[in-house]
>>> print(open('my_file_14.cif').read())   # mmCIF, C-alpha atoms and all ligand atoms
data_run
#
loop_
_atom_site.label_atom_id
_atom_site.label_comp_id
_atom_site.auth_asym_id
_atom_site.auth_seq_id
_atom_site.Cartn_x
_atom_site.Cartn_y
_atom_site.Cartn_z
CA MET G 146 61.07 33.18 -20.90
CA SER G 147 62.35 36.27 -22.71
CA LEU G 148 62.23 39.62 -20.93
CA PHE G 149 59.59 40.82 -23.46
CA LYS G 150 57.37 37.78 -22.88
CA ARG G 151 57.80 38.03 -19.12
CA SER G 152 56.79 41.72 -19.00
CA ARG G 153 53.76 40.98 -21.23
CA PHE G 154 52.77 38.19 -18.85
CA THR G 155 53.18 40.53 -15.84
CA ALA G 156 51.09 43.26 -17.53
CA LEU G 157 48.33 40.73 -18.26
CA PHE G 158 48.44 39.49 -14.67
CA VAL G 159 48.21 43.08 -13.31
CA LEU G 160 45.30 43.83 -15.67
CA LEU G 161 43.38 40.74 -14.55
CA PHE G 162 44.08 41.59 -10.93
CA VAL G 163 42.81 45.19 -11.40
CA ILE G 164 39.66 43.94 -13.21
CA GLN G 165 38.97 41.47 -10.41
CA LEU G 166 39.64 44.10 -7.74
CA SER G 167 37.28 46.62 -9.33
CA ALA G 168 34.63 43.90 -9.77
CA GLN G 169 34.95 43.08 -6.06
CA LYS G 170 34.51 46.72 -5.18
CA LEU G 171 31.05 47.00 -6.74
CA PRO G 172 28.41 47.66 -4.07
CA ASN G 173 26.07 44.81 -3.10
CA ILE G 174 22.46 45.69 -3.73
CA VAL G 175 19.41 43.54 -3.00
CA ILE G 176 16.30 44.10 -5.09
CA LEU G 177 13.09 43.13 -3.29
CA ALA G 178 10.32 42.82 -5.86
CA THR G 179 6.69 43.23 -4.86
CA GLY G 180 4.97 43.53 -8.28
CA GLY G 181 3.28 46.53 -9.86
CA THR G 182 3.26 47.84 -13.40
CA ILE G 183 7.05 47.64 -13.54
CA ALA G 184 6.48 43.86 -13.55
CA GLY G 185 3.36 44.16 -15.69
CA ALA G 186 2.76 42.75 -19.13
CA ALA G 187 0.35 43.46 -21.97
CA GLU G 188 -0.44 41.59 -25.19
CA THR G 189 0.83 44.42 -27.41
CA ASN G 190 3.27 47.26 -26.83
CA VAL G 191 0.75 50.06 -27.49
CA GLN G 192 -2.29 49.23 -25.39
CA ALA G 193 -3.59 50.71 -22.15
CA GLY G 194 -4.89 47.42 -20.72
CA TYR G 195 -2.38 45.15 -18.96
CA SER G 196 -1.92 43.00 -15.85
CA SER G 197 0.30 44.09 -12.95
CA GLY G 198 2.77 41.71 -11.33
CA GLN G 199 3.38 39.25 -14.19
CA VAL G 200 7.17 39.30 -14.46
CA GLY G 201 9.51 37.86 -11.80
CA VAL G 202 12.47 39.63 -10.21
CA ASP G 203 15.07 37.68 -12.25
CA ILE G 204 13.50 38.85 -15.51
CA LEU G 205 13.35 42.43 -14.20
CA ILE G 206 17.07 42.30 -13.43
CA LYS G 207 17.96 40.61 -16.75
CA ALA G 208 16.09 43.37 -18.61
CA VAL G 209 18.71 45.86 -17.40
CA PRO G 210 22.12 44.28 -18.17
CA GLU G 211 23.78 47.65 -17.42
CA LEU G 212 23.16 46.98 -13.71
CA LYS G 213 26.13 44.58 -13.75
CA LYS G 214 28.46 47.51 -14.37
CA ILE G 215 27.40 49.40 -11.24
CA ALA G 216 26.48 46.78 -8.64
CA LYS G 217 26.42 43.15 -7.61
CA ILE G 218 22.72 42.42 -7.59
CA LYS G 219 20.67 39.81 -5.77
CA GLY G 220 16.92 39.61 -6.27
CA GLU G 221 14.18 38.35 -3.96
CA GLN G 222 10.50 38.04 -4.76
CA VAL G 223 8.52 39.32 -1.76
CA SER G 224 5.16 39.34 -3.57
CA ASN G 225 3.93 39.81 -7.12
CA ILE G 226 0.84 41.97 -6.88
CA GLY G 227 -0.53 45.20 -8.27
CA SER G 228 -0.03 47.71 -5.47
CA GLN G 229 -3.79 48.20 -5.14
CA GLU G 230 -3.52 44.76 -3.44
CA MET G 231 -0.72 45.86 -1.09
CA ASN G 232 -1.55 44.84 2.47
CA ASP G 233 -0.32 44.72 6.07
CA LYS G 234 1.06 41.18 5.65
CA VAL G 235 3.37 42.19 2.78
CA TRP G 236 4.30 45.43 4.58
CA LEU G 237 5.43 43.52 7.66
CA LYS G 238 7.31 40.92 5.58
CA LEU G 239 9.03 43.68 3.62
CA ALA G 240 9.98 45.78 6.66
CA LYS G 241 11.35 42.77 8.54
CA ARG G 242 13.37 41.60 5.54
CA ILE G 243 14.82 45.09 4.97
CA ASN G 244 15.81 45.28 8.64
CA GLU G 245 17.55 41.87 8.36
CA LEU G 246 19.33 42.78 5.14
CA ALA G 247 20.38 46.24 6.33
CA LYS G 248 22.26 44.68 9.26
CA LYS G 249 24.48 42.64 6.91
CA ASP G 250 27.94 44.00 6.11
CA ASP G 251 27.68 42.61 2.60
CA VAL G 252 24.54 44.60 1.78
CA ASP G 253 25.15 48.23 0.82
CA GLY G 254 21.66 49.23 -0.25
CA ILE G 255 18.18 47.90 -0.92
CA VAL G 256 15.83 48.59 -3.82
CA VAL G 257 12.12 47.74 -3.64
CA THR G 258 10.13 47.50 -6.85
CA HIS G 259 6.49 48.39 -6.27
CA GLY G 260 3.36 49.56 -8.05
CA THR G 261 2.92 53.31 -8.14
CA ASP G 262 -0.73 53.29 -6.94
CA THR G 263 0.11 52.85 -3.26
CA MET G 264 3.84 53.61 -3.25
CA GLU G 265 3.10 56.62 -1.02
CA GLU G 266 1.82 54.38 1.74
CA THR G 267 4.50 51.67 1.54
CA ALA G 268 7.35 54.19 1.33
CA TYR G 269 6.03 56.12 4.34
CA PHE G 270 5.39 52.91 6.33
CA LEU G 271 8.98 51.77 5.71
CA ASN G 272 10.25 55.27 6.55
CA LEU G 273 8.63 54.85 9.99
CA VAL G 274 9.77 51.31 10.79
CA VAL G 275 13.01 50.34 9.06
CA LYS G 276 16.12 50.91 11.11
CA THR G 277 19.06 51.82 8.94
CA LYS G 278 21.03 54.68 7.45
CA LYS G 279 21.69 52.61 4.33
CA PRO G 280 19.73 53.60 1.23
CA VAL G 281 16.31 51.98 0.89
CA VAL G 282 14.96 53.04 -2.49
CA LEU G 283 11.53 52.29 -3.91
CA THR G 284 10.92 52.41 -7.62
CA GLY G 285 8.19 51.51 -10.05
CA SER G 286 6.94 52.46 -13.46
CA MET G 287 3.88 53.86 -15.14
CA ARG G 288 4.22 51.72 -18.26
CA PRO G 289 4.29 47.91 -18.21
CA SER G 290 7.50 46.12 -19.13
CA THR G 291 6.08 45.26 -22.57
CA ALA G 292 5.17 48.87 -23.55
CA LEU G 293 6.86 51.10 -26.12
CA SER G 294 9.29 53.34 -24.19
CA ALA G 295 8.77 51.39 -20.96
CA ASP G 296 9.99 53.57 -18.10
CA GLY G 297 10.79 50.65 -15.74
CA PRO G 298 14.33 49.73 -16.89
CA LEU G 299 15.79 53.23 -16.50
CA ASN G 300 13.94 53.69 -13.21
CA ILE G 301 15.51 50.44 -11.92
CA PHE G 302 18.95 51.50 -13.15
CA ASN G 303 18.61 54.90 -11.44
CA ALA G 304 17.20 53.37 -8.24
CA VAL G 305 20.14 50.94 -8.04
CA ALA G 306 22.58 53.80 -8.72
CA VAL G 307 21.07 55.77 -5.80
CA ALA G 308 21.14 52.66 -3.58
CA CYS G 309 24.88 52.32 -4.38
CA ASP G 310 25.61 55.95 -3.55
CA ILE G 311 27.20 56.87 -0.22
CA ASN G 312 25.56 60.32 -0.52
CA ALA G 313 22.12 58.66 -0.37
CA TRP G 314 22.82 57.36 3.15
CA ASP G 315 20.87 58.86 6.05
CA ARG G 316 18.14 60.49 3.96
CA GLY G 317 15.25 58.23 5.00
CA VAL G 318 13.43 55.96 2.58
CA LEU G 319 13.67 57.31 -0.96
CA VAL G 320 11.62 56.93 -4.11
CA VAL G 321 13.22 57.11 -7.55
CA ALA G 322 11.14 57.63 -10.68
CA ASN G 323 11.51 59.57 -13.90
CA ASP G 324 14.91 61.02 -12.91
CA LYS G 325 13.67 62.37 -9.56
CA ILE G 326 14.60 61.33 -6.03
CA LEU G 327 11.67 61.92 -3.69
CA GLY G 328 11.26 61.72 0.09
CA ALA G 329 8.99 58.93 1.40
CA ARG G 330 6.88 61.40 3.40
CA ASP G 331 6.59 64.18 0.87
CA PHE G 332 5.55 62.95 -2.56
CA ILE G 333 2.15 62.25 -4.09
CA LYS G 334 0.98 60.43 -7.20
CA THR G 335 -0.44 63.27 -9.28
CA SER G 336 -1.38 61.59 -12.56
CA SER G 337 -2.93 58.21 -13.27
CA THR G 338 -1.15 57.95 -16.65
CA ASP G 339 1.83 60.34 -16.94
CA VAL G 340 5.36 58.98 -16.36
CA GLU G 341 6.05 62.24 -14.48
CA THR G 342 3.47 61.27 -11.87
CA PHE G 343 5.35 61.65 -8.58
CA LYS G 344 5.63 65.23 -7.39
CA SER G 345 6.44 66.81 -4.09
CA PRO G 346 4.40 70.02 -3.94
CA GLY G 347 5.50 72.33 -1.14
CA PHE G 348 8.51 70.21 -0.22
CA GLY G 349 10.57 69.68 -3.36
CA TRP G 350 12.63 66.73 -4.48
CA ILE G 351 15.35 65.20 -2.34
CA GLY G 352 17.42 65.20 -5.53
CA THR G 353 17.66 64.17 -9.14
CA VAL G 354 19.28 61.19 -10.87
CA HIS G 355 20.24 61.27 -14.51
CA TYR G 356 21.53 58.02 -16.08
CA GLY G 357 22.79 56.96 -12.67
CA VAL G 358 24.39 60.27 -11.67
CA ALA G 359 22.62 61.52 -8.53
CA ARG G 360 22.54 65.03 -7.11
CA TYR G 361 21.05 65.78 -3.70
CA TYR G 362 19.41 69.00 -2.56
CA ARG G 363 18.12 68.25 0.92
CA LYS G 364 17.41 65.82 3.75
CA PRO G 365 13.92 64.95 5.06
CA PHE G 366 12.30 67.59 7.29
CA THR G 367 10.91 65.12 9.84
CA LYS G 368 12.22 62.10 11.77
CA TYR G 369 12.80 58.95 9.74
CA THR G 370 13.92 55.29 9.89
CA TYR G 371 16.47 54.84 12.74
CA GLN G 372 15.31 58.13 14.36
CA THR G 373 11.73 56.94 14.98
CA GLU G 374 10.37 55.20 18.08
CA PHE G 375 8.45 52.60 16.06
CA SER G 376 9.40 49.00 15.41
CA VAL G 377 7.48 46.15 13.80
CA ASP G 378 10.12 43.45 14.12
CA ARG G 379 8.01 41.48 16.65
CA ILE G 380 4.61 42.58 15.31
CA LYS G 381 2.37 40.07 13.51
CA LYS G 382 -0.69 42.25 12.87
CA LEU G 383 -1.36 45.96 12.43
CA PRO G 384 -4.42 47.78 13.83
CA LYS G 385 -7.39 48.39 11.51
CA VAL G 386 -7.72 52.04 10.46
CA ALA G 387 -10.35 53.30 8.00
CA ILE G 388 -10.39 56.38 5.78
CA ILE G 389 -13.80 58.02 5.33
CA TYR G 390 -14.05 60.45 2.42
CA MET G 391 -16.06 63.60 3.08
CA TYR G 392 -18.54 65.20 0.64
CA SER G 393 -21.61 67.43 0.74
CA ASN G 394 -24.67 65.81 2.35
CA ASN G 395 -22.56 63.25 4.25
CA ASN G 396 -24.84 61.87 6.95
CA GLY G 397 -22.19 60.26 9.17
CA GLU G 398 -23.43 56.71 8.49
CA LEU G 399 -20.11 55.48 7.11
CA ILE G 400 -18.38 56.63 10.30
CA GLU G 401 -20.95 54.70 12.34
CA ASP G 402 -20.33 51.64 10.14
CA ALA G 403 -16.57 51.85 10.78
CA VAL G 404 -17.23 51.93 14.53
CA GLU G 405 -19.49 48.88 14.26
CA ASP G 406 -16.91 47.06 12.14
CA GLY G 407 -14.32 47.34 14.92
CA TYR G 408 -11.93 49.86 13.44
CA GLU G 409 -9.45 51.15 16.03
CA GLY G 410 -8.82 54.37 14.17
CA ILE G 411 -10.71 56.54 11.68
CA VAL G 412 -9.15 59.11 9.38
CA VAL G 413 -11.59 61.54 7.80
CA ALA G 414 -10.46 62.83 4.40
CA GLY G 415 -12.26 66.07 5.12
CA VAL G 416 -13.05 68.99 2.89
CA GLY G 417 -10.83 72.09 3.10
CA ASN G 418 -9.11 72.29 6.45
CA GLY G 419 -10.28 68.81 7.47
CA ASN G 420 -13.90 69.94 7.74
CA MET G 421 -17.03 67.80 7.61
CA THR G 422 -20.81 68.03 7.88
CA LYS G 423 -22.34 68.46 11.34
CA ALA G 424 -23.77 64.92 11.04
CA ALA G 425 -20.31 63.49 10.33
CA GLU G 426 -18.77 65.56 13.13
CA LYS G 427 -21.36 64.19 15.55
CA ALA G 428 -20.70 60.59 14.48
CA LEU G 429 -16.94 61.14 14.73
CA ALA G 430 -17.25 62.68 18.22
CA LYS G 431 -19.25 59.62 19.30
CA ALA G 432 -16.51 57.35 17.91
CA ALA G 433 -13.81 59.33 19.76
CA LYS G 434 -15.79 58.98 23.02
CA LYS G 435 -15.72 55.20 22.54
CA GLY G 436 -11.90 55.29 22.42
CA ILE G 437 -11.47 55.13 18.64
CA VAL G 438 -8.69 57.50 17.61
CA CYS G 439 -10.14 59.96 15.07
CA VAL G 440 -7.90 62.01 12.80
CA ARG G 441 -8.99 64.94 10.65
CA ALA G 442 -7.06 65.08 7.37
CA SER G 443 -8.05 66.68 4.07
CA ARG G 444 -8.88 65.60 0.53
CA VAL G 445 -7.09 68.80 -0.62
CA PRO G 446 -3.57 67.82 -1.75
CA THR G 447 -1.59 70.69 -0.19
CA GLY G 448 -1.78 72.90 2.88
CA TYR G 449 -1.84 72.31 6.62
CA ILE G 450 -4.61 70.84 8.80
CA ASP G 451 -4.34 72.67 12.10
CA ARG G 452 -6.12 72.03 15.40
CA ASN G 453 -9.27 73.91 16.43
CA VAL G 454 -9.78 75.93 13.23
CA GLU G 455 -13.48 75.34 12.45
CA ILE G 456 -13.82 72.20 14.56
CA ASN G 457 -13.08 72.14 18.28
CA ASP G 458 -10.57 69.27 18.43
CA ASP G 459 -9.82 69.93 22.11
CA LYS G 460 -13.47 69.48 23.06
CA LEU G 461 -14.25 66.56 20.73
CA GLY G 462 -11.00 64.64 21.26
CA PHE G 463 -9.82 64.66 17.62
CA VAL G 464 -6.29 64.63 16.21
CA ALA G 465 -5.34 67.00 13.36
CA SER G 466 -3.22 65.47 10.59
CA TYR G 467 -1.06 68.61 10.13
CA GLN G 468 0.87 67.94 6.88
CA LEU G 469 -0.12 64.32 6.30
CA ASN G 470 -2.66 63.46 3.63
CA PRO G 471 -5.35 60.86 4.51
CA GLN G 472 -3.40 57.85 3.17
CA ARG G 473 -0.26 58.77 5.13
CA ALA G 474 -2.30 59.74 8.22
CA ARG G 475 -3.74 56.22 8.11
CA VAL G 476 -0.25 54.68 7.97
CA LEU G 477 1.03 56.77 10.90
CA LEU G 478 -2.09 56.01 12.93
CA LYS G 479 -1.72 52.25 12.34
CA VAL G 480 1.86 52.36 13.55
CA ALA G 481 1.08 54.79 16.42
CA LEU G 482 -1.73 52.55 17.69
CA LEU G 483 0.85 49.80 18.29
CA LYS G 484 2.19 52.03 21.07
CA THR G 485 -0.68 54.10 22.44
CA LYS G 486 -4.29 55.28 22.13
CA ASP G 487 -3.54 58.56 23.87
CA THR G 488 -4.62 61.32 21.49
CA LYS G 489 -2.13 63.86 22.92
CA THR G 490 0.80 61.52 22.24
CA ILE G 491 -0.58 60.67 18.79
CA GLN G 492 -0.98 64.40 18.01
CA LYS G 493 2.71 64.79 18.91
CA TYR G 494 3.59 61.98 16.48
CA PHE G 495 1.79 63.89 13.71
CA ALA G 496 4.06 66.86 14.39
CA GLU G 497 7.25 64.78 14.52
CA TYR G 498 6.73 62.29 11.70
N1 LIG J 501 -2.16 49.23 -10.38
C1 LIG J 501 -0.78 49.30 -10.68
C2 LIG J 501 0.03 49.20 -9.39
O1 LIG J 501 0.06 50.06 -8.55
C3 LIG J 501 -0.60 50.47 -11.51
C4 LIG J 501 0.33 51.48 -11.07
C5 LIG J 501 1.76 51.23 -11.40
O2 LIG J 501 2.42 50.32 -10.95
O3 LIG J 501 2.20 52.10 -12.10
O4 LIG J 501 0.62 48.20 -9.20
#
>>> encode(input="my_file_14.cif", output="structure tokens", more="lines below")
Ligand code: GLU
Amino acid sequence: MSLFKRSRFTALFVLLFVIQLSAQKLPNIVILATGGTIAGAAETNVQAGYSSGQVGVDILIKAVPELKKIAKIKGEQVSNIGSQEMNDKVWLKLAKRINELAKKDDVDGIVVTHGTDTMEETAYFLNLVVKTKKPVVLTGSMRPSTALSADGPLNIFNAVAVACDINAWDRGVLVVANDKILGARDFIKTSSTDVETFKSPGFGWIGTVHYGVARYYRKPFTKYTYQTEFSVDRIKKLPKVAIIYMYSNNNGELIEDAVEDGYEGIVVAGVGNGNMTKAAEKALAKAAKKGIVCVRASRVPTGYIDRNVEINDDKLGFVASYQLNPQRARVLLKVALLKTKDTKTIQKYFAEY
């Protein structure tokens, strides 16, 4: 072989070796799909009506071929439901699977696709019970996969990019949507139609992600994932906790119904600072006396629900939700009840988590 041919052969060999090496270096990301609009389909690309959870994880991944450039992806179908159908069974399955995957050396990050309706609850639940510093990133979309300008593909790309990023480690469970990175405890769904639905009033974003380039501004303010004292790895069932919405003229009957139905905890989505009618307060005090853990939260989206403001929590045995909205207060109470019914300890959890 001539010297020229030999050096061309060597160059080709080196090139192939470098390509293979860089391919091997791509992070390993597992996408756990649960359903939601991101997997939704409609008959036309410009209609409001559609069905959630129609498209499987493989099709979701295939729809974003650019993922291959940034990660080695594996997909698993955990469920395929609209997130209004999200339930304890899927939560436990998801949390256990994430804990298994996170222990593996060949898994660098996990992405969960999920409907936006109840993403607040699932993200916060996972933030309390998964045990890892690796990125666990939830994403979804407001428009179904068949819509004009569907937002799902870029959200998945950005979520995978964050899951690949070493700077996303040790920030608790994250949510990526519409170029924002949000903390599992701090965001709310603010619009039923807008792609810019997730906002974090009072707390701010964890960061932003623009075509896969992430920038981080902060860490969570409260304990998360491996820092918490909660585990569901051996748990088969979660306690029943109801949310009762407060309004003028409430006569306390729905609280009495929850007691009769065997709920172990009741969260009142109160007015203002977790307030309620005297009739509701009386029914709730009766429930607390029976050993049902009763939490006062608020239907107002921002602010702080403190103890003993207009209602004497010390006397009536209530817990104040502090910064947690009713849906997150319910999640924390479900997890807390696995450990204790002591209202003082549970009040402490509301401060810490
Ligand atoms: N109901 C749907 C869900 O939560 C709509 C919300 C969405 O995914 O954007 O699955």
>>> residues_near_ligand(input="my_file_14.cif", ligand="ligand LIG 501 (chain J)", cutoff="10 Å", atoms="all atoms listed in the file", output="NGL selection string")
:G and (179-185 or 195-198 or 225-231 or 258-264 or 284-289 or 296-297 or 334 or 337-340 or 342)
>>> atom_distance(input="my_file_14.cif", atom1="atom CA of Tyr362 of chain G", atom2="atom CA of Val307 of chain G")
13.7 Å
>>> residues_near_point(input="my_file_14.cif", point="(18.0, 69.8, 5.5)", cutoff="12 Å", atoms="all atoms listed in the file", output="list in words")
Asp315, Arg316, Gly317, Gly328, Phe348, Gly349, Trp350, Ile351, Gly352, Tyr361, Tyr362, Arg363, Lys364, Pro365, Phe366, Thr367 and Lys368 of chain G
>>> atom_distance(input="my_file_14.cif", atom1="atom CA of Asn470 of chain G", atom2="atom CA of Glu398 of chain G")
22.4 Å
>>> residues_near_point(input="my_file_14.cif", point="(2.3, 69.2, -2.8)", cutoff="12 Å", atoms="all atoms listed in the file", output="list in words")
Leu327, Arg330, Asp331, Phe332, Ile333, Lys334, Thr335, Phe343, Lys344, Ser345, Pro346, Gly347, Phe348, Gly349, Trp350, Val445, Pro446, Thr447, Gly448, Tyr449, Gln468, Leu469 and Asn470 of chain G
>>> residues_around(input="my_file_14.cif", residues="segment 411-424 of chain G", least_positions_apart="4", cutoff="7 Å", atoms="all atoms listed in the file", output="NGL selection string")
:G and (386-391 or 395-397 or 428 or 438-445 or 450 or 471 or 474-475)
>>> axis_aligned_box(input="my_file_14.cif", around="segment 196-205 of chain G", padding_each_side="3 Å", output="AutoDock Vina command-line options")
--center_x 6.6 --center_y 40.9 --center_z -13.0 --size_x 23.0 --size_y 12.4 --size_z 11.6
>>> atom_distance(input="my_file_14.cif", atom1="atom CA of Leu319 of chain G", atom2="atom CA of Pro280 of chain G")
7.4 Å
>>> residues_around(input="my_file_14.cif", residues="segment 369-378 of chain G", least_positions_apart="6", cutoff="10 Å", atoms="all atoms listed in the file", output="ChimeraX atom specification")
/G:236-238,240-242,244-245,269-279,281,315-318,329-330,477,480-481,483-484,494,497-498
>>> write_last_selection(input="my_file_14.cif", atoms="C-alpha atoms", output="tab-separated table (two decimals), in the coordinates of the input")
chain	number	residue	atom	x	y	z
G	236	TRP	CA	4.30	45.43	4.58
G	237	LEU	CA	5.43	43.52	7.66
G	238	LYS	CA	7.31	40.92	5.58
G	240	ALA	CA	9.98	45.78	6.66
G	241	LYS	CA	11.35	42.77	8.54
G	242	ARG	CA	13.37	41.60	5.54
G	244	ASN	CA	15.81	45.28	8.64
G	245	GLU	CA	17.55	41.87	8.36
G	269	TYR	CA	6.03	56.12	4.34
G	270	PHE	CA	5.39	52.91	6.33
G	271	LEU	CA	8.98	51.77	5.71
G	272	ASN	CA	10.25	55.27	6.55
G	273	LEU	CA	8.63	54.85	9.99
G	274	VAL	CA	9.77	51.31	10.79
G	275	VAL	CA	13.01	50.34	9.06
G	276	LYS	CA	16.12	50.91	11.11
G	277	THR	CA	19.06	51.82	8.94
G	278	LYS	CA	21.03	54.68	7.45
G	279	LYS	CA	21.69	52.61	4.33
G	281	VAL	CA	16.31	51.98	0.89
G	315	ASP	CA	20.87	58.86	6.05
G	316	ARG	CA	18.14	60.49	3.96
G	317	GLY	CA	15.25	58.23	5.00
G	318	VAL	CA	13.43	55.96	2.58
G	329	ALA	CA	8.99	58.93	1.40
G	330	ARG	CA	6.88	61.40	3.40
G	477	LEU	CA	1.03	56.77	10.90
G	480	VAL	CA	1.86	52.36	13.55
G	481	ALA	CA	1.08	54.79	16.42
G	483	LEU	CA	0.85	49.80	18.29
G	484	LYS	CA	2.19	52.03	21.07
G	494	TYR	CA	3.59	61.98	16.48
G	497	GLU	CA	7.25	64.78	14.52
G	498	TYR	CA	6.73	62.29	11.70
>>> residues_around(input="my_file_14.cif", residues="Leu299 of chain G", least_positions_apart="5", cutoff="9 Å", atoms="only C-alpha atoms", output="list in words")
Val209, Ala304, Ala322, Asn323, Asp324, Tyr356 and Gly357 of chain G
>>> closest_residue(input="my_file_14.cif", among="G:Lys249, G:Lys234, G:Lys427, G:Lys489", to="Asp459 of chain G", atoms="only C-alpha atoms")
G:Lys489
>>> closest_residue(input="my_file_14.cif", among="G:Ser466, G:Asn173, G:Gln192, G:Thr485", to="Asp310 of chain G", atoms="only C-alpha atoms")
G:Asn173
>>> closest_residue(input="my_file_14.cif", among="G:Ala313, G:Ala430, G:Ala295, G:Val358", to="Asn190 of chain G", atoms="only C-alpha atoms")
G:Ala295
>>> closest_residue(input="my_file_14.cif", among="G:Ile218, G:Leu383, G:Val235, G:Ile437", to="Ala403 of chain G", atoms="all atoms listed in the file")
G:Ile437
>>> closest_residue(input="my_file_14.cif", among="G:Val305, G:Leu283, G:Leu482, G:Ile243", to="Glu211 of chain G", atoms="all atoms listed in the file")
G:Val305
>>> build_atoms(input="my_file_14.cif", residues="segment 378-392 of chain G", atoms="N, CA and C atoms", output="compact mmCIF listing (two decimals), in the frame of the given file")
# COMPACT_ATOMS: atom_id res chain seq x y z
N ASP G 378 9.39 44.71 14.24
CA ASP G 378 10.12 43.45 14.12
C ASP G 378 9.43 42.29 14.83
N ARG G 379 8.70 42.58 15.93
CA ARG G 379 8.01 41.48 16.65
C ARG G 379 6.50 41.54 16.44
N ILE G 380 6.06 42.36 15.51
CA ILE G 380 4.61 42.58 15.31
C ILE G 380 4.09 41.62 14.22
N LYS G 381 2.94 41.00 14.50
CA LYS G 381 2.37 40.07 13.51
C LYS G 381 1.17 40.66 12.79
N LYS G 382 0.54 41.69 13.41
CA LYS G 382 -0.69 42.25 12.87
C LYS G 382 -0.71 43.75 13.14
N LEU G 383 -1.24 44.51 12.22
CA LEU G 383 -1.36 45.96 12.43
C LEU G 383 -2.83 46.31 12.73
N PRO G 384 -3.04 47.37 13.52
CA PRO G 384 -4.42 47.78 13.83
C PRO G 384 -5.18 48.20 12.58
N LYS G 385 -6.51 48.02 12.64
CA LYS G 385 -7.39 48.39 11.51
C LYS G 385 -7.71 49.88 11.57
N VAL G 386 -7.40 50.61 10.51
CA VAL G 386 -7.72 52.04 10.46
C VAL G 386 -8.43 52.32 9.13
N ALA G 387 -9.58 53.00 9.21
CA ALA G 387 -10.35 53.30 8.00
C ALA G 387 -10.14 54.75 7.57
N ILE G 388 -10.33 54.99 6.27
CA ILE G 388 -10.39 56.38 5.78
C ILE G 388 -11.82 56.61 5.30
N ILE G 389 -12.45 57.66 5.80
CA ILE G 389 -13.80 58.02 5.33
C ILE G 389 -13.71 59.33 4.56
N TYR G 390 -14.13 59.28 3.30
CA TYR G 390 -14.05 60.45 2.42
C TYR G 390 -15.25 61.37 2.68
N MET G 391 -14.99 62.65 2.79
CA MET G 391 -16.06 63.60 3.08
C MET G 391 -16.59 64.23 1.79
N TYR G 392 -17.88 64.58 1.80
CA TYR G 392 -18.54 65.20 0.64
C TYR G 392 -19.80 65.88 1.15
